[in-house]
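Structure first, commentary second.
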Amino acid sequence: MAEKIKTDVLVVGSGPAGSLAARSAAENGVSVTMIEMRPEVGVPVRCGELMPSVHEIKDMFGDLPEFDELFDLPSSLMVRNVEAIRLIDPKSRTWEFPFTGYTTDRDRFDQYLAEQAVSSGAELIKSCRFKGLENGVAKTTIGDIEFKVIIGADGPGSRVAQSLGLPRNRNQYPAVSAQADGDFDPVIQMFFGGIAPGAYGWIMPKAGQANVGVGFSPKFSNGTLGEYFDKFVRLQGLDVKTRIEGKYVPSEGPIAKTYTDIGMVVGDAAGVVMPVNGGGIPQAMITGRMAGQVAADNILGNRSIAEYEQAWRSILYKPLKIAAGNKKLADTFAFRSEGSTAFCMRLLGKRRMGKLIRCKRLFP
Ligand SMILES: Cc1cc2nc3c(=O)[nH]c(=O)nc-3n(C[C@H](O)[C@H](O)[C@H](O)COP(=O)(O)OP(=O)(O)OC[C@H]3O[C@@H](n4cnc5c(N)ncnc54)[C@H](O)[C@@H]3O)c2cc1C
């Protein structure tokens, strides 16, 4: 028989954004239910599994003291430290610059964050899919859930955003990844050109293996993502040992509005992914935590939900907007052909490509 659940805050999705939202709301004294449509949190892994260091996150988004605590994760989740990014153009020319961070096992990473939410008092219900809203009540595959505030942490194609009447991400890029065996340098490798039109192929070093993957822009491509992935693996001589898994990546920057009077969207659902490189885990955690705090304050103390948007915009909006502008430039000038990709990379050079990756202005 269908259950009837009542909760202060309903969080839909148990990725990094959802778990941080659930934890933060629970820590601030309200009841929280987090639902996840998958039977196991974080499984299967659909990610390149790279986390920038706190130093890099502060360099991109500003030096906020709370980032130290937010990103203070157990060393057991840090599978391999990385020291640099190497960019490879279609003619195999390379540029390398320092970049610090680590690769993780994304399934364990997401499970750790979800466990922290549960330890803080949130209830986690797995194998439960949000279907929509009817008269302010959430319809799910296990029955109705009554809530005061809903947080959509349900990824790029957010059904919560749609149900709240919020804009959804447009122009999403498909991307896939898998694990390959082998010994790799502690360097992130990004391959540009016809190998991954409009985006890039990657090798992210792990321990005795690497996360390897490809993303592309449908408008520049003329094959399936599986075909591009197979070609990339063949050309790089990679020993892929797992199934390929994928999903969509928002590519245009944040959606225009991320809240209503009863809800908010966070992480990929809000489009807060770096358009130039597809990275979204740190911003998912940042927006998740902000939304959970605002939800609790709204329920307990009448803080306006609109403050959520002011909070994330003050930190993330400018770098993400700059990155979206840079991405448009790349689409217009660099991604038209292998020749133009190689030409633009040479023109930009190491320093400007470092800026590009870090969501900074290319020209003063
Ligand atoms: C191939 C690939 C590689 C990537 N590599 C990196 C990387 O190396 N580093 C990085 O920082 N970012 C990377 N990203 C982006 C990163 O994965 C996302 O930005 C991040 O996962 C966003 O977290 P989230 O919590 O917003 O959403 P998600 O992690 O997508 O979580 C959403 C959750 O909601 C659940 N859900 C969805 N719909 C419903 C529903 N209707 N009801 C209930 N539950 C639902 C899903 O099952 C999922 O668990 C990559 C993305 C892809 C596709």
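The way I read the labels, and the way they are meant: chains A, B, ... in the order of the structure tokens, residue 1 as the first residue of every chain, and ligand 1 as the first ligand shown, with later ones counted on from there.
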
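Per DSSP on the backbone, helix (DSSP H, G or I) in region 30-108 of chain A comprises Val54, His55, Glu56, Ile57, Lys58, Asp59, Met60, Phe61, Glu66, Phe67, Asp68, Glu69, Leu70, Ser75, Ser76, Leu77, Arg106, Asp107 and Arg108 of chain A.
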
* Write as a PyMOL selection string the residues around ligand 1, taking 7 Å as the cut-off and counting only C-alpha atoms and all ligand atoms. => chain A and resi 12-18+35-38+41-42+46-51+128-131+153-156+158-159+174-177+213+215+246-249+266-269+273+278-282+284

* Name all residues at most 12 Å from Leu225 (chain A) (count only C-alpha atoms; drop same-chain ones fewer than 2 positions away) and give them as a VMD selection string. => chain A and resid 173 to 177 195 to 197 199 to 201 213 to 218 220 to 223 227 to 232 244 to 248

With N, CA and C atoms retained, could you export that selection as a CSV table (one decimal), in the first residue's frame?
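The resulting again08.csv:
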chain,number,residue,atom,x,y,z
A,173,TYR,N,24.9,18.6,-23.2
A,173,TYR,CA,25.8,17.7,-24.0
A,173,TYR,C,25.8,16.3,-23.4
A,174,PRO,N,25.8,15.3,-24.3
A,174,PRO,CA,25.9,14.0,-23.7
A,174,PRO,C,27.4,13.7,-23.4
A,175,ALA,N,27.7,12.9,-22.4
A,175,ALA,CA,29.1,12.5,-22.1
A,175,ALA,C,29.0,11.2,-21.4
A,176,VAL,N,30.1,10.4,-21.7
A,176,VAL,CA,30.2,9.0,-21.2
A,176,VAL,C,31.5,8.8,-20.6
A,177,SER,N,31.6,7.9,-19.6
A,177,SER,CA,32.9,7.5,-19.1
A,177,SER,C,32.9,6.0,-18.7
A,195,ILE,N,38.0,14.2,-32.3
A,195,ILE,CA,37.9,13.1,-31.4
A,195,ILE,C,36.7,13.3,-30.4
A,196,ALA,N,36.3,14.5,-30.2
A,196,ALA,CA,35.2,14.9,-29.3
A,196,ALA,C,34.7,16.3,-29.7
A,197,PRO,N,34.0,16.3,-30.9
A,197,PRO,CA,33.6,17.7,-31.4
A,197,PRO,C,32.8,18.5,-30.5
A,199,ALA,N,33.6,19.5,-27.5
A,199,ALA,CA,33.9,19.3,-26.1
A,199,ALA,C,35.3,18.6,-26.1
A,200,TYR,N,35.5,17.5,-25.3
A,200,TYR,CA,36.8,16.9,-25.3
A,200,TYR,C,36.7,15.5,-24.8
A,201,GLY,N,37.8,14.7,-25.1
A,201,GLY,CA,38.0,13.4,-24.5
A,201,GLY,C,38.9,13.6,-23.3
A,213,GLY,N,36.9,9.1,-20.8
A,213,GLY,CA,35.5,9.5,-21.3
A,213,GLY,C,35.6,10.5,-22.4
A,214,VAL,N,34.4,10.7,-23.0
A,214,VAL,CA,34.2,11.6,-24.1
A,214,VAL,C,32.9,12.3,-23.9
A,215,GLY,N,32.9,13.6,-24.2
A,215,GLY,CA,31.7,14.4,-24.3
A,215,GLY,C,31.7,15.0,-25.7
A,216,PHE,N,30.5,15.4,-26.2
A,216,PHE,CA,30.5,16.1,-27.5
A,216,PHE,C,29.3,17.0,-27.6
A,217,SER,N,29.4,17.9,-28.6
A,217,SER,CA,28.2,18.8,-28.9
A,217,SER,C,27.5,18.2,-30.0
A,218,PRO,N,26.2,17.8,-29.9
A,218,PRO,CA,25.5,17.2,-31.0
A,218,PRO,C,25.6,18.0,-32.3
A,220,PHE,N,28.0,19.6,-33.6
A,220,PHE,CA,29.3,19.5,-34.3
A,220,PHE,C,29.6,18.0,-34.7
A,221,SER,N,28.7,17.1,-34.3
A,221,SER,CA,29.1,15.7,-34.4
A,221,SER,C,28.3,15.0,-35.5
A,222,ASN,N,28.8,13.9,-36.0
A,222,ASN,CA,28.0,13.1,-36.9
A,222,ASN,C,28.1,11.6,-36.7
A,223,GLY,N,28.0,11.2,-35.5
A,223,GLY,CA,28.0,9.8,-35.1
A,223,GLY,C,27.4,9.7,-33.7
A,227,GLU,N,30.3,5.6,-30.6
A,227,GLU,CA,31.3,5.5,-31.7
A,227,GLU,C,32.5,6.3,-31.4
A,228,TYR,N,32.2,7.6,-30.9
A,228,TYR,CA,33.3,8.5,-30.6
A,228,TYR,C,34.1,7.9,-29.5
A,229,PHE,N,33.4,7.3,-28.5
A,229,PHE,CA,34.2,6.8,-27.3
A,229,PHE,C,35.1,5.6,-27.8
A,230,ASP,N,34.5,4.7,-28.6
A,230,ASP,CA,35.3,3.6,-29.1
A,230,ASP,C,36.5,4.0,-29.9
A,231,LYS,N,36.3,5.1,-30.7
A,231,LYS,CA,37.5,5.6,-31.5
A,231,LYS,C,38.5,6.2,-30.5
A,232,PHE,N,38.1,6.9,-29.5
A,232,PHE,CA,39.0,7.5,-28.6
A,232,PHE,C,39.8,6.4,-27.9
A,244,ILE,N,30.4,1.4,-20.4
A,244,ILE,CA,30.4,2.9,-20.4
A,244,ILE,C,29.0,3.3,-19.9
A,245,GLU,N,29.1,4.4,-19.1
A,245,GLU,CA,27.8,5.0,-18.5
A,245,GLU,C,27.9,6.5,-18.8
A,246,GLY,N,26.7,7.1,-19.0
A,246,GLY,CA,26.7,8.5,-19.3
A,246,GLY,C,25.4,9.2,-19.0
A,247,LYS,N,25.5,10.5,-19.1
A,247,LYS,CA,24.3,11.3,-18.9
A,247,LYS,C,24.6,12.7,-19.6
A,248,TYR,N,23.7,13.6,-19.4
A,248,TYR,CA,23.8,14.9,-20.0
A,248,TYR,C,24.5,15.9,-19.1

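When CA of Gly132 (chain A) is paired with CA of Asn28 (chain A), their separation reads 26.6 Å.
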
* **Using only C-alpha atoms: which of A:Met204, A:Ala178, A:Ala25, A:Leu20 has the shortest distance to Glu115 (chain A)** => A:Leu20

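Distance check against Pro44 (chain A) using only C-alpha atoms: of A:Ala210, A:Asp110, A:Val9, A:Arg86, the minimum falls on A:Asp110.
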
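When only C-alpha atoms are used to compute distances to Met264 (chain A), the closest of the residues A:Arg289, A:Lys91, A:Lys318, A:Arg234 turns out to be A:Arg289.
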
* Mind checking which residues fall within 9 Å of Pro254 (chain A), counting only C-alpha atoms, ignoring those fewer than 5 positions away in the same chain, and posting them as a PyMOL selection string? => chain A and resi 169+268-273+317+320-321

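Atom pair CA of Gln209 (chain A) / CA of Pro186 (chain A): separated by 11.3 Å.
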
* Could you tell me how far CA of Val30 (chain A) lies from CA of Ile150 (chain A), in Å and to one decimal? => 12.7 Å

* Asked: Can you tell me, as an MDAnalysis selection string, what residues are no more than 12 Å from Asp144 (chain A) when counting only C-alpha atoms, ignoring any on the same chain fewer than 2 positions away?
  -> chainID A and resid 1:7 10 128:142 146:147

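Restricting the calculation to only C-alpha atoms, the smallest distance between Pro52 (chain A) and any of A:Thr260, A:Gln172, A:Ser19, A:Asn81 is found for A:Asn81.
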
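Distance annotation: of A:Arg168, A:Gly194, A:Gly253, A:Ala296, the residue with the minimal separation from Ser31 (chain A) is A:Ala296; atom set is only C-alpha atoms.
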
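If only C-alpha atoms are the atoms counted, then among A:Val118, A:Leu329, A:Pro250, A:Arg80 the closest residue to Lys206 (chain A) is A:Arg80.
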
How close does region 75-194 of chain A get to region 333-354 of chain A? List, as a Markdown table, each residue of region 75-194 of chain A within 9 Å, its nearest atom pair and the distance in Å to one decimal, counting only C-alpha atoms.
| residue | atom | partner | partner_atom | distance |
| --- | --- | --- | --- | --- |
| A:Ile85 | CA | A:Gly354 | CA | 8.7 |
| A:Leu87 | CA | A:Met353 | CA | 8.6 |
| A:Asp89 | CA | A:Ala342 | CA | 5.6 |
| A:Pro90 | CA | A:Glu338 | CA | 6.1 |
| A:Lys91 | CA | A:Ala342 | CA | 7.0 |
| A:Arg93 | CA | A:Ala342 | CA | 8.5 |
| A:Trp95 | CA | A:Lys350 | CA | 5.9 |
| A:Glu96 | CA | A:Lys350 | CA | 7.1 |
| A:Phe97 | CA | A:Gly354 | CA | 6.9 |
| A:Pro98 | CA | A:Gly354 | CA | 8.7 |
| A:Phe99 | CA | A:Gly354 | CA | 8.9 |
| A:Phe192 | CA | A:Thr341 | CA | 7.4 |
| A:Gly193 | CA | A:Glu338 | CA | 5.1 |
| A:Gly194 | CA | A:Glu338 | CA | 6.0 |

* Those of region 115-160 of chain A in DSSP strand (DSSP E or B), formatted as a PyMOL selection string -> chain A and resi 123-125+130-134+137-140+143-146+149-152

Long-range neighbours of Ala306 (chain A) as a compact mmCIF listing (two decimals) with all heavy atoms, in the first residue's frame, 10 Å cut-off, only C-alpha atoms, 4 positions minimum in chain:
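Once everything was written out, this is around.txt:
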# COMPACT_ATOMS: atom_id res chain seq x y z
N LYS A 257 16.18 31.45 -13.49
CA LYS A 257 15.59 31.59 -12.14
C LYS A 257 15.60 30.22 -11.46
O LYS A 257 15.25 29.22 -12.09
CB LYS A 257 14.16 32.11 -12.27
CG LYS A 257 13.55 32.48 -10.94
CD LYS A 257 12.19 33.15 -11.04
CE LYS A 257 11.67 33.44 -9.64
NZ LYS A 257 10.22 33.28 -9.52
N THR A 258 15.97 30.20 -10.19
CA THR A 258 16.18 28.90 -9.53
C THR A 258 15.30 28.70 -8.29
O THR A 258 15.56 27.82 -7.48
CB THR A 258 17.66 28.76 -9.11
OG1 THR A 258 18.01 29.87 -8.25
CG2 THR A 258 18.59 28.71 -10.30
N TYR A 259 14.26 29.52 -8.14
CA TYR A 259 13.40 29.34 -6.96
C TYR A 259 11.97 29.79 -7.27
O TYR A 259 11.74 30.56 -8.22
CB TYR A 259 13.93 30.17 -5.77
CG TYR A 259 13.72 31.65 -5.98
CD1 TYR A 259 12.60 32.30 -5.44
CD2 TYR A 259 14.60 32.39 -6.77
CE1 TYR A 259 12.38 33.66 -5.67
CE2 TYR A 259 14.38 33.74 -7.01
CZ TYR A 259 13.28 34.36 -6.46
OH TYR A 259 13.04 35.69 -6.70
N THR A 260 11.04 29.30 -6.44
CA THR A 260 9.66 29.84 -6.42
C THR A 260 9.34 30.04 -4.93
O THR A 260 10.23 29.87 -4.08
CB THR A 260 8.65 28.85 -7.02
OG1 THR A 260 8.56 27.71 -6.17
CG2 THR A 260 9.04 28.42 -8.43
N ASP A 261 8.10 30.30 -4.61
CA ASP A 261 7.80 30.49 -3.19
C ASP A 261 7.72 29.16 -2.43
O ASP A 261 7.62 29.16 -1.19
CB ASP A 261 6.51 31.33 -2.99
CG ASP A 261 5.34 30.77 -3.76
OD1 ASP A 261 5.55 29.82 -4.54
OD2 ASP A 261 4.22 31.27 -3.58
N GLY A 263 9.87 26.32 -3.55
CA GLY A 263 10.98 25.43 -3.87
C GLY A 263 12.18 26.08 -4.52
O GLY A 263 12.15 27.26 -4.89
N MET A 264 13.24 25.26 -4.62
CA MET A 264 14.51 25.71 -5.22
C MET A 264 15.08 24.56 -6.04
O MET A 264 14.76 23.40 -5.77
CB MET A 264 15.52 26.03 -4.11
CG MET A 264 15.17 27.21 -3.26
SD MET A 264 16.12 27.21 -1.70
CE MET A 264 14.97 26.43 -0.60
N VAL A 294 18.63 27.85 3.55
CA VAL A 294 17.52 28.78 3.30
C VAL A 294 16.18 28.09 3.57
O VAL A 294 15.26 28.68 4.14
CB VAL A 294 17.58 29.34 1.85
CG1 VAL A 294 16.30 30.10 1.51
CG2 VAL A 294 18.79 30.25 1.68
N ASN A 298 13.60 29.44 6.17
CA ASN A 298 12.28 29.85 5.68
C ASN A 298 11.17 29.24 6.53
O ASN A 298 10.21 29.90 6.91
CB ASN A 298 12.13 29.41 4.21
CG ASN A 298 10.75 29.69 3.67
OD1 ASN A 298 9.89 28.81 3.67
ND2 ASN A 298 10.52 30.91 3.23
N GLN A 310 20.02 34.87 -4.40
CA GLN A 310 21.01 35.94 -4.15
C GLN A 310 22.31 35.33 -3.64
O GLN A 310 23.40 35.72 -4.04
CB GLN A 310 20.48 36.92 -3.10
CG GLN A 310 19.31 37.77 -3.59
CD GLN A 310 18.50 38.34 -2.43
OE1 GLN A 310 18.94 38.33 -1.28
NE2 GLN A 310 17.32 38.83 -2.74
N ALA A 311 22.18 34.31 -2.76
CA ALA A 311 23.38 33.72 -2.14
C ALA A 311 24.26 33.03 -3.19
O ALA A 311 25.47 33.28 -3.25
CB ALA A 311 22.95 32.74 -1.06
